[in-house]
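Data block for run_26.cif (mmCIF, C-alpha atoms):
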```cif
data_protein
loop_
_atom_site.label_atom_id
_atom_site.label_comp_id
_atom_site.auth_asym_id
_atom_site.auth_seq_id
_atom_site.Cartn_x
_atom_site.Cartn_y
_atom_site.Cartn_z
CA MET A 1 -14.21 -35.47 18.40
CA ALA A 2 -10.93 -36.78 17.10
CA ALA A 3 -9.18 -36.41 13.82
CA GLY A 4 -9.43 -40.15 13.15
CA PRO A 5 -10.78 -43.44 14.51
CA TYR A 6 -9.86 -44.37 18.05
CA SER A 7 -10.91 -46.53 20.95
CA ALA A 8 -10.04 -46.98 24.61
CA ASP A 9 -7.18 -49.22 23.52
CA THR A 10 -5.72 -46.78 21.05
CA LEU A 11 -2.15 -45.86 21.77
CA TRP A 12 -1.48 -42.21 21.38
CA VAL A 13 1.86 -40.69 20.58
CA ALA A 14 3.50 -37.29 20.11
CA HIS A 15 6.56 -36.83 17.94
CA ALA A 16 9.06 -34.46 19.48
CA ALA A 17 10.74 -33.97 16.12
CA HIS A 18 7.57 -32.36 14.80
CA LEU A 19 7.35 -29.82 17.59
CA ILE A 20 9.17 -26.78 18.86
CA VAL A 21 8.17 -26.16 22.46
CA GLU A 22 8.79 -22.96 24.40
CA PRO A 23 7.62 -23.15 28.04
CA HIS A 24 6.43 -19.89 29.57
CA GLU A 25 5.55 -20.29 33.23
CA ASP A 26 2.34 -22.38 33.34
CA VAL A 27 1.72 -22.42 29.59
CA SER A 28 3.76 -23.59 26.65
CA VAL A 29 3.90 -22.23 23.14
CA VAL A 30 4.19 -25.10 20.68
CA PHE A 31 4.95 -24.72 17.01
CA HIS A 32 3.84 -27.69 14.92
CA LYS A 33 6.26 -27.99 12.03
CA LEU A 34 3.96 -30.07 9.86
CA SER A 35 1.01 -27.70 9.91
CA GLY A 36 2.81 -24.42 10.51
CA ASP A 37 0.35 -23.64 13.27
CA THR A 38 1.28 -22.39 16.69
CA HIS A 39 -0.57 -23.60 19.77
CA ILE A 40 -0.74 -22.36 23.31
CA LEU A 41 -1.06 -25.25 25.73
CA ASN A 42 -1.96 -24.97 29.38
CA PHE A 43 -0.21 -27.11 31.94
CA LEU A 44 -2.53 -30.09 31.36
CA SER A 45 -2.32 -30.29 27.59
CA ALA A 46 1.41 -29.53 27.72
CA ALA A 47 1.92 -32.36 30.18
CA ILE A 48 0.02 -34.78 27.97
CA VAL A 49 2.17 -33.90 24.97
CA GLU A 50 5.35 -34.21 26.99
CA LEU A 51 4.33 -37.59 28.40
CA LEU A 52 3.33 -38.92 24.99
CA GLU A 53 6.65 -37.79 23.57
CA GLU A 54 8.33 -40.01 26.15
CA GLN A 55 6.05 -43.02 25.75
CA PRO A 56 2.80 -43.80 23.86
CA GLY A 57 -0.24 -44.48 25.97
CA THR A 58 -3.97 -45.08 26.02
CA PHE A 59 -6.46 -42.69 27.57
CA ALA A 60 -6.35 -44.58 30.85
CA GLU A 61 -2.56 -44.83 30.90
CA VAL A 62 -2.11 -41.19 30.13
CA THR A 63 -4.61 -40.18 32.78
CA GLY A 64 -2.70 -42.08 35.45
CA ARG A 65 0.62 -40.63 34.37
CA VAL A 66 -0.76 -37.11 34.22
CA LEU A 67 -2.13 -37.29 37.76
CA THR A 68 1.23 -38.45 39.02
CA TYR A 69 3.17 -35.97 36.97
CA LEU A 70 1.08 -32.98 38.01
CA GLU A 71 0.54 -34.18 41.57
CA LEU A 72 -3.21 -34.14 41.18
CA ASP A 73 -5.95 -36.57 42.11
CA ALA A 74 -8.86 -37.82 40.06
CA ASP A 75 -11.19 -35.34 41.70
CA ASP A 76 -9.08 -32.49 40.44
CA CYS A 77 -8.56 -33.95 37.00
CA PRO A 78 -11.20 -36.46 35.96
CA PRO A 79 -10.38 -39.00 33.23
CA SER A 80 -12.97 -37.41 31.00
CA LEU A 81 -11.03 -34.13 31.04
CA VAL A 82 -7.81 -35.90 30.09
CA GLU A 83 -9.60 -37.70 27.29
CA SER A 84 -11.24 -34.57 25.94
CA THR A 85 -7.93 -32.73 26.10
CA MET A 86 -6.22 -35.53 24.18
CA LEU A 87 -8.87 -35.33 21.52
CA GLN A 88 -8.30 -31.59 21.25
CA LEU A 89 -4.60 -32.30 20.82
CA ASP A 90 -5.45 -34.88 18.18
CA ASP A 91 -7.41 -32.23 16.29
CA THR A 92 -4.35 -30.00 16.23
CA GLY A 93 -2.06 -32.82 15.12
CA LEU A 94 0.14 -32.49 18.18
CA ILE A 95 -0.68 -36.07 19.12
CA ALA A 96 -2.11 -38.89 17.04
CA PRO A 97 -3.00 -42.55 17.26
CA GLN A 98 0.23 -44.47 16.96
CA ASN A 99 -0.84 -46.47 13.92
CA LEU A 100 -1.75 -43.24 12.12
CA ALA A 101 1.14 -41.08 13.27
CA GLY A 102 3.96 -40.56 10.84
CA SER A 103 7.50 -41.24 11.89
CA ALA A 104 9.80 -38.41 12.76
CA MET B 1 7.78 -28.40 31.12
CA GLN B 2 6.18 -28.75 34.54
CA LYS B 3 9.10 -30.21 36.45
CA SER B 4 8.70 -28.57 39.76
CA LYS B 5 7.57 -31.01 42.39
CA VAL B 6 6.89 -28.45 45.01
CA ARG B 7 3.77 -26.50 44.39
CA SER B 8 2.34 -23.92 46.63
CA GLU B 9 -1.23 -24.40 47.70
CA GLN B 10 -2.14 -21.22 45.88
CA PHE B 11 -0.54 -22.52 42.73
CA LYS B 12 -2.38 -25.84 43.02
CA ALA B 13 -5.62 -24.05 43.73
CA HIS B 14 -5.14 -22.05 40.60
CA ARG B 15 -4.59 -25.21 38.59
CA ARG B 16 -7.60 -26.90 40.09
CA GLN B 17 -9.68 -23.92 39.14
CA LEU B 18 -8.42 -24.16 35.59
CA LEU B 19 -9.12 -27.88 35.48
CA ARG B 20 -12.65 -27.30 36.67
CA MET B 21 -13.10 -24.84 33.86
CA GLY B 22 -11.66 -27.43 31.49
CA ALA B 23 -14.13 -30.02 32.73
CA ALA B 24 -16.83 -27.45 32.06
CA GLY B 25 -15.71 -27.12 28.49
CA LEU B 26 -12.90 -24.55 28.45
CA PRO B 27 -10.47 -25.54 25.70
CA MET B 28 -7.13 -26.77 26.94
CA VAL B 29 -5.50 -25.90 23.64
CA LEU B 30 -5.51 -22.53 21.91
CA THR B 31 -4.46 -22.54 18.29
CA LEU B 32 -2.94 -19.57 16.51
CA ARG B 33 -3.23 -20.41 12.88
CA ALA B 34 -0.62 -18.81 10.67
CA SER B 35 -3.12 -18.55 7.89
CA ALA B 36 -2.09 -17.16 4.55
CA SER B 37 -4.82 -14.55 4.65
CA GLY B 38 -3.49 -13.13 7.88
CA ALA B 39 -0.06 -12.66 6.41
CA LEU B 40 -1.48 -11.15 3.27
CA ILE B 41 -3.57 -8.68 5.18
CA SER B 42 -0.53 -7.42 7.02
CA GLN B 43 1.10 -6.79 3.67
CA LEU B 44 -1.78 -4.55 2.70
CA ARG B 45 -1.73 -2.53 5.89
CA CYS B 46 1.38 -0.49 5.22
CA THR B 47 1.09 3.27 4.97
CA PHE B 48 3.53 6.02 4.18
CA THR B 49 3.67 9.78 4.22
CA ILE B 50 4.96 11.72 1.25
CA PRO B 51 7.74 14.10 2.28
CA ASN B 52 7.02 17.71 2.93
CA SER B 53 6.90 20.08 -0.07
CA THR B 54 6.69 17.29 -2.62
CA LYS B 55 5.00 18.30 -5.86
CA ILE B 56 4.36 16.57 -9.15
CA LEU B 57 4.57 18.46 -12.44
CA VAL B 58 2.93 16.79 -15.42
CA ASP B 59 3.00 17.90 -19.02
CA ASP B 60 0.65 17.12 -21.86
CA THR B 61 2.66 14.10 -23.02
CA GLY B 62 2.42 12.30 -19.71
CA GLN B 63 5.94 13.12 -18.64
CA ALA B 64 6.32 13.90 -14.95
CA TRP B 65 8.77 15.60 -12.67
CA VAL B 66 8.70 15.06 -8.94
CA GLY B 67 10.52 17.38 -6.60
CA THR B 68 10.35 19.83 -3.76
CA SER B 69 11.29 23.08 -5.47
CA LYS B 70 8.82 25.93 -5.49
CA LEU B 71 6.02 25.74 -8.04
CA GLY B 72 3.45 28.18 -6.71
CA ILE B 73 0.50 25.97 -7.56
CA SER B 74 -2.96 27.44 -7.90
CA GLY B 75 -5.74 25.13 -8.96
CA ASN B 76 -3.33 22.60 -10.43
CA LYS B 77 -1.72 25.38 -12.43
CA PRO B 78 1.96 25.96 -11.78
CA GLN B 79 3.48 29.38 -11.98
CA ASN B 80 5.22 29.77 -15.29
CA LYS B 81 8.30 31.34 -13.77
CA ASN B 82 8.91 28.27 -11.61
CA ILE B 83 8.46 25.51 -14.15
CA SER B 84 11.94 25.41 -15.63
CA LYS B 85 13.65 25.52 -12.27
CA PHE B 86 11.38 22.83 -10.90
CA LYS B 87 12.14 20.56 -13.82
CA ASN B 88 15.86 21.17 -13.51
CA HIS B 89 15.84 20.39 -9.80
CA ALA B 90 13.42 17.47 -9.90
CA GLN B 91 14.50 14.46 -7.88
CA TYR B 92 12.64 12.05 -10.15
CA VAL B 93 11.70 12.32 -13.79
CA PHE B 94 9.32 9.97 -15.53
CA PRO B 95 9.26 9.67 -19.32
CA ALA B 96 6.43 10.69 -21.59
CA GLY B 97 3.47 8.36 -21.46
CA THR B 98 3.92 7.53 -17.80
CA VAL B 99 1.14 9.63 -16.36
CA PRO B 100 -2.46 8.53 -16.99
CA SER B 101 -4.24 10.82 -19.40
CA SER B 102 -6.69 12.06 -16.78
CA TYR B 103 -3.84 13.78 -14.97
CA ARG B 104 -2.14 15.25 -18.00
CA ALA B 105 -2.28 18.90 -18.93
CA ASP B 106 -4.02 20.09 -22.02
CA ALA B 107 -1.62 20.70 -24.82
CA CYS B 108 -1.16 24.30 -25.75
CA PRO B 109 -2.76 25.03 -29.13
CA PRO B 110 -0.43 26.12 -31.88
CA ASP B 111 0.13 29.83 -31.43
CA PRO B 112 -1.35 31.56 -34.46
CA CYS B 113 0.76 34.56 -33.62
CA TYR B 114 3.96 32.59 -34.09
CA ASP B 115 5.08 31.78 -37.60
CA GLY B 116 7.64 29.22 -36.62
CA VAL B 117 10.41 31.08 -38.39
CA SER B 118 10.55 34.65 -37.29
CA ASN B 119 9.79 35.65 -33.75
CA ASN B 120 6.18 36.48 -34.35
CA LEU B 121 3.80 37.91 -36.75
CA ASN B 122 3.65 41.29 -35.08
CA ASP B 123 6.99 42.58 -36.13
CA ALA B 124 7.62 45.24 -38.67
CA ASN B 125 8.16 42.73 -41.42
CA VAL B 126 4.70 41.40 -40.97
CA ASP B 127 3.25 44.83 -40.95
CA SER B 128 4.99 45.54 -44.17
CA MET B 129 3.75 42.28 -45.59
CA PHE B 130 0.22 43.35 -44.95
CA ALA B 131 0.74 47.02 -45.57
CA HIS B 132 -1.52 46.85 -48.56
CA LEU B 133 -4.31 45.73 -46.29
CA THR B 134 -4.08 48.58 -43.84
CA ASP B 135 -6.08 51.70 -43.88
CA SER B 136 -4.77 55.16 -43.37
CA GLU B 137 -4.65 54.72 -39.61
CA GLY B 138 -2.65 51.56 -39.73
CA ASP B 139 -5.48 49.24 -38.83
CA TYR B 140 -6.03 46.24 -40.95
CA GLN B 141 -9.01 46.31 -43.14
CA ALA B 142 -11.44 43.50 -42.81
CA THR B 143 -10.66 41.32 -45.73
CA GLU B 144 -11.66 37.77 -46.30
CA GLY B 145 -9.22 35.56 -44.49
CA PHE B 146 -7.97 38.26 -42.22
CA SER B 147 -9.37 40.29 -39.41
CA GLY B 148 -8.39 43.16 -37.28
CA ALA B 149 -10.22 44.59 -34.35
CA GLY B 150 -8.21 47.75 -34.28
CA GLY B 151 -6.76 49.52 -31.30
CA GLY B 152 -5.59 46.58 -29.19
CA LYS B 153 -6.36 47.46 -25.62
CA LYS B 154 -3.03 46.22 -24.36
CA GLY B 155 -1.24 48.27 -26.87
CA GLY B 156 -0.46 45.35 -29.08
CA SER B 157 -0.78 45.30 -32.77
CA HIS B 158 -2.72 42.66 -34.57
CA SER B 159 -1.49 39.75 -36.51
CA HIS B 160 -3.32 37.85 -39.13
CA ASN B 161 -4.04 34.40 -40.20
CA ASN B 162 -6.87 32.43 -41.59
CA ASP B 163 -8.90 32.47 -38.36
CA ASP B 164 -11.33 35.17 -37.50
CA HIS B 165 -10.95 37.31 -34.39
CA ILE B 166 -7.35 36.38 -33.62
CA GLN B 167 -5.39 39.05 -31.87
CA CYS B 168 -1.79 38.94 -30.76
CA ASP B 169 0.07 40.98 -28.21
CA ASN B 170 3.43 42.63 -28.65
CA HIS B 171 5.19 39.42 -27.69
CA GLY B 172 3.56 37.35 -30.33
CA HIS B 173 1.03 35.58 -28.15
CA GLN B 174 -2.63 35.24 -28.89
CA VAL B 175 -4.87 37.34 -26.67
CA ASP B 176 -8.59 37.77 -26.27
CA GLU B 177 -10.50 40.95 -26.79
CA HIS B 178 -9.41 42.09 -23.35
CA GLY B 179 -5.78 41.49 -24.09
CA HIS B 180 -5.60 38.41 -21.91
CA SER B 181 -3.47 35.53 -22.99
CA ILE B 182 -5.32 32.66 -24.66
CA GLY B 183 -4.07 29.11 -24.52
CA SER B 184 -0.52 29.95 -23.79
CA ASN B 185 1.71 30.26 -20.81
CA THR B 186 2.36 33.95 -20.85
CA GLY B 187 0.35 34.69 -17.73
CA LYS B 188 1.29 34.07 -14.13
CA TYR B 189 0.05 30.49 -14.22
CA ALA B 190 0.31 27.91 -16.96
CA ASP B 191 -3.00 27.63 -18.74
CA CYS B 192 -1.84 24.68 -20.73
CA GLY B 193 1.11 22.40 -21.22
CA TYR B 194 1.62 21.71 -17.54
CA LYS B 195 -0.41 20.73 -14.53
CA ALA B 196 0.87 20.53 -11.00
CA TYR B 197 -0.19 18.48 -8.02
CA ASN B 198 0.74 19.11 -4.42
CA VAL B 199 1.20 15.84 -2.54
CA SER B 200 3.12 17.30 0.37
CA ASN B 201 2.63 15.32 3.58
CA ASN B 202 -0.13 13.21 2.07
CA GLN B 203 -0.54 10.00 4.00
CA ILE B 204 -1.37 7.11 1.75
CA ALA B 205 -2.50 3.59 2.58
CA PRO B 206 -2.10 1.85 -0.78
CA GLY B 207 -3.97 -1.20 0.44
CA ASP B 208 -7.11 0.92 0.49
CA TYR B 209 -6.97 0.94 -3.29
CA VAL B 210 -6.68 -2.78 -3.88
CA ASN B 211 -9.86 -4.51 -4.90
CA ASN B 212 -10.21 -8.10 -6.01
CA GLY B 213 -6.52 -8.51 -6.57
CA SER B 214 -5.88 -5.43 -8.63
CA TRP B 215 -5.42 -1.72 -8.23
CA SER B 216 -8.37 0.60 -8.12
CA LEU B 217 -6.66 3.95 -7.92
CA PRO B 218 -8.47 7.11 -6.85
CA GLY B 219 -8.72 10.02 -9.22
CA ASP B 220 -7.00 12.49 -6.94
CA GLU B 221 -3.35 13.38 -6.48
CA ASP B 222 -2.85 10.29 -4.33
CA GLY B 223 -3.87 8.21 -7.31
CA LEU B 224 -1.30 10.02 -9.41
CA TYR B 225 1.39 9.39 -6.83
CA LEU B 226 0.48 5.72 -6.64
CA SER B 227 0.51 5.47 -10.40
CA LEU B 228 4.01 6.89 -10.49
CA SER B 229 5.00 4.63 -7.61
CA ILE B 230 3.88 1.55 -9.48
CA ASN B 231 5.79 2.72 -12.52
CA TYR B 232 8.86 3.34 -10.39
CA ALA B 233 8.58 -0.13 -8.85
CA ASP B 234 8.38 -1.70 -12.29
CA SER B 235 11.69 -0.11 -13.20
CA TYR B 236 13.63 -0.11 -9.98
CA GLY B 237 11.86 -2.42 -7.56
CA ASN B 238 12.42 -1.78 -3.90
CA THR B 239 15.51 0.33 -4.42
CA GLY B 240 16.21 4.01 -4.43
CA GLY B 241 14.62 6.62 -2.32
CA TRP B 242 11.16 6.91 -3.80
CA PRO B 243 8.97 7.59 -0.76
CA GLY B 244 6.78 4.61 0.05
CA ILE B 245 8.41 2.25 -2.43
CA SER B 246 8.82 -0.61 0.04
CA CYS B 247 5.12 -0.42 0.86
CA ILE B 248 4.22 -0.37 -2.81
CA VAL B 249 6.49 -3.29 -3.61
CA SER B 250 5.09 -5.38 -0.78
CA ILE B 251 1.60 -4.88 -2.17
CA LEU B 252 2.75 -5.61 -5.70
CA ASN B 253 4.25 -8.83 -4.39
CA TYR B 254 0.95 -9.62 -2.74
CA LEU B 255 -0.89 -8.92 -5.96
CA ASN B 256 1.78 -10.92 -7.79
CA LEU B 257 2.04 -8.17 -10.35
#
```

Represent the structure of the file as structure tokens.
Amino acid sequence: MAAGPYSADTLWVAHAAHLIVEPHEDVSVVFHKLSGDTHILNFLSAAIVELLEEQPGTFAEVTGRVLTYLELDADDCPPSLVESTMLQLDDTGLIAPQNLAGSA
Amino acid sequence: MQKSKVRSEQFKAHRRQLLRMGAAGLPMVLTLRASASGALISQLRCTFTIPNSTKILVDDTGQAWVGTSKLGISGNKPQNKNISKFKNHAQYVFPAGTVPSSYRADACPPDPCYDGVSNNLNDANVDSMFAHLTDSEGDYQATEGFSGAGGGKKGGSHSHNNDDHIQCDNHGHQVDEHGHSIGSNTGKYADCGYKAYNVSNNQIAPGDYVNNGSWSLPGDEDGLYLSLSINYADSYGNTGGWPGISCIVSILNYLNL
């Protein structure tokens, strides 16, 4: 479930200016300035946010970049897990479809 | 974030395990919502302990004195001999009308033995005034408007007024048929005029007495202390040394009072 409409072609983005990130070993504590909520991200969700801060991407694009970034293969991290994690991040507001995301 | 390119097999195994749990439905994001209610609850959780030996003296007008001097309280009655010193050494004094009526002392009735001009109605002048009413033994004769029981057991004489059965001791205070003081503060403890409350070392959690956005104070001495605390906060805010004032003010801020 996502916060808004999306498709396989949707470009997702994370705005670094909206976030304060504090890495702690294999998790990161992320404060979302817009909502005032604090989130604890594991290495996968943190990597997705970091990659989408650098460059927007679709589910498929992000999955490929995550596997490379974390040195994992598709057996370890199936595309469905990346997609579901991105939708969780969408629910929190940490990432959003590019056409819906506000500018920094 | 995860910049290290060299991962131990154990580390990777740990991550794979976590990913498997994620594929099985474990959330990859944990949200700590800084909800308003959470912050408000923490405001209500403060507690404080009233300093040792703290007592509250209340009179019949609702004035209060708070201090640590000796009062010798027995059943909310302070010892008469300690009252003046306690008031003089009180650390905090609240004006009349401050204390809720349920905590106030009963006012002492007007002393029928005291004429308001002379010392009392037992002196020689009074006796001479009523000399025409006395019998040969010096006792007052029962006449309409006056009474005399004769032979006061405490050795006192008897004064007179328009009430029946009124007896006064040698000091001009009304006494009962046994010579005991009535409605005055001539005994060891104050029967009227003052009440005392011992709040020494009481631990109070003011948030326990907040219901639906307003105070619901208990009827005990803690309720009295909180009542005074709220009054203090109204005047001085979170300043001064009133024990627990910062806790009280935080709750008042929460209640937006």

Close residues, A:Gly93 itself excluded, 9 Å, all atoms listed in the file, min 2 positions apart in chain, as a PyMOL selection string: chain A and resi 3+14+32+34-35+88-91+95-96

Using only C-alpha atoms: which of B:Phe48, B:Phe94, B:Phe86, B:Phe11 has the shortest distance to B:Ser227: B:Phe94

Spatial neighbours of B:Ser235, max dist 12 Å, only C-alpha atoms, sep filter under 6 positions, as a PyMOL selection string: chain B and resi 94-95+98+228-229+242+245+249

Nearest candidate to chain B (options A:Leu81, A:Val29, A:Val21, A:Leu87; using all atoms listed in the file): A:Leu81

Residues picked by the PyMOL selection byres ((chain A) within 7 of (chain B)) here, as an mmCIF file with C-alpha atoms, in the frame of the given file?
```cif
data_model
loop_
_atom_site.group_PDB
_atom_site.id
_atom_site.type_symbol
_atom_site.label_atom_id
_atom_site.label_comp_id
_atom_site.auth_asym_id
_atom_site.auth_seq_id
_atom_site.Cartn_x
_atom_site.Cartn_y
_atom_site.Cartn_z
ATOM 1 C CA PRO A 23 7.620 -23.150 28.040
ATOM 2 C CA GLY A 36 2.810 -24.420 10.510
ATOM 3 C CA ASP A 37 0.350 -23.640 13.270
ATOM 4 C CA THR A 38 1.280 -22.390 16.690
ATOM 5 C CA HIS A 39 -0.570 -23.600 19.770
ATOM 6 C CA ILE A 40 -0.740 -22.360 23.310
ATOM 7 C CA LEU A 41 -1.060 -25.250 25.730
ATOM 8 C CA ASN A 42 -1.960 -24.970 29.380
ATOM 9 C CA SER A 45 -2.320 -30.290 27.590
ATOM 10 C CA ASP A 76 -9.080 -32.490 40.440
ATOM 11 C CA CYS A 77 -8.560 -33.950 37.000
ATOM 12 C CA LEU A 81 -11.030 -34.130 31.040
ATOM 13 C CA THR A 85 -7.930 -32.730 26.100
ATOM 14 C CA GLN A 88 -8.300 -31.590 21.250
#
```

12 Å contact set for B:Pro100, all atoms listed in the file, chain neighbours under 6 positions out, as a list in words: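 The filter keeps Val58, Asp59, Asp60, Thr61, Gly62, Gln63, Ala64, Phe94, Leu217, Pro218, Gly219, Asp220, Glu221, Gly223, Leu224, Tyr225, Leu226, Ser227, Leu228 and Asn231 of chain B.
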
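One finds atom CA of B:Val93 at 6.3 Å from atom CA of B:Val66.
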
Evaluate the PyMOL selection byres ((chain B and resi 68-79) around 7) and record the selected residues as a tab-separated table (two decimals) with C-alpha atoms, keeping the file's coordinate frame, following the chain and residue labels used in the document.
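Output file selection.tsv follows:
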```
chain	number	residue	atom	x	y	z
B	53	SER	CA	6.90	20.08	-0.07
B	54	THR	CA	6.69	17.29	-2.62
B	55	LYS	CA	5.00	18.30	-5.86
B	67	GLY	CA	10.52	17.38	-6.60
B	80	ASN	CA	5.22	29.77	-15.29
B	81	LYS	CA	8.30	31.34	-13.77
B	82	ASN	CA	8.91	28.27	-11.61
B	83	ILE	CA	8.46	25.51	-14.15
B	86	PHE	CA	11.38	22.83	-10.90
B	89	HIS	CA	15.84	20.39	-9.80
B	188	LYS	CA	1.29	34.07	-14.13
B	189	TYR	CA	0.05	30.49	-14.22
B	190	ALA	CA	0.31	27.91	-16.96
B	191	ASP	CA	-3.00	27.63	-18.74
B	195	LYS	CA	-0.41	20.73	-14.53
B	196	ALA	CA	0.87	20.53	-11.00
B	197	TYR	CA	-0.19	18.48	-8.02
```

For atom CA of B:Cys247 and atom CA of B:Thr47, the interatomic separation in Å (one decimal):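 Distance reported for this atom pair: 6.8 Å.
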
Nearest residue to A:Ser7 from the set A:Phe59, A:Leu94, A:His24, A:Phe43 (distances using all atoms listed in the file): A:Phe59

Straight-line distance linking atom CA of A:Val27 with atom CA of A:Ala46, stated in Å to one decimal: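 It comes out at 7.4 Å.
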
Residues returned when the PyMOL selection byres ((chain B and resi 206-211) around 8) runs on this file, as a list in words: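 Going through the file, the PyMOL selection byres ((chain B and resi 206-211) around 8) ends up selecting Leu44, Arg45, Cys46, Thr47, Ile204, Ala205, Asn212, Gly213, Ser214, Trp215, Ser216, Leu217, Pro218, Leu226, Cys247, Ile248 and Ile251 of chain B.
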
All residues 12 Å or closer to A:Glu54, only C-alpha atoms, same chain fewer than 3 positions away omitted, as a list in words: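 Once the adjacent positions are removed, what remains is Trp12, Val13, Ala14, His15, Ala16, Ala17, Ala47, Ile48, Val49, Glu50, Leu51, Gly57, Val62 and Arg65 of chain A.
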
Grab the residues selected above and save them as a PDB file, keeping the file's coordinate frame with C-alpha atoms.
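Below is the file out33.pdb, written as the result:
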```pdb
ATOM      1  CA  TRP A  12      -1.480 -42.210  21.380  1.00  0.00           C
ATOM      2  CA  VAL A  13       1.860 -40.690  20.580  1.00  0.00           C
ATOM      3  CA  ALA A  14       3.500 -37.290  20.110  1.00  0.00           C
ATOM      4  CA  HIS A  15       6.560 -36.830  17.940  1.00  0.00           C
ATOM      5  CA  ALA A  16       9.060 -34.460  19.480  1.00  0.00           C
ATOM      6  CA  ALA A  17      10.740 -33.970  16.120  1.00  0.00           C
ATOM      7  CA  ALA A  47       1.920 -32.360  30.180  1.00  0.00           C
ATOM      8  CA  ILE A  48       0.020 -34.780  27.970  1.00  0.00           C
ATOM      9  CA  VAL A  49       2.170 -33.900  24.970  1.00  0.00           C
ATOM     10  CA  GLU A  50       5.350 -34.210  26.990  1.00  0.00           C
ATOM     11  CA  LEU A  51       4.330 -37.590  28.400  1.00  0.00           C
ATOM     12  CA  GLY A  57      -0.240 -44.480  25.970  1.00  0.00           C
ATOM     13  CA  VAL A  62      -2.110 -41.190  30.130  1.00  0.00           C
ATOM     14  CA  ARG A  65       0.620 -40.630  34.370  1.00  0.00           C
TER      15      ARG A  65
END
```

Residue nearest B:Asn201 - candidates B:Glu9, B:Asp222, B:Asp234, B:Asp106, atoms counted: only C-alpha atoms: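 Among B:Glu9, B:Asp222, B:Asp234, B:Asp106, it is B:Asp222 that comes nearest to B:Asn201.
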
For A:Met86, the nearest of the candidates A:Ile20, A:Val30, A:Ala60, A:Leu72, counting all atoms listed in the file: A:Ala60
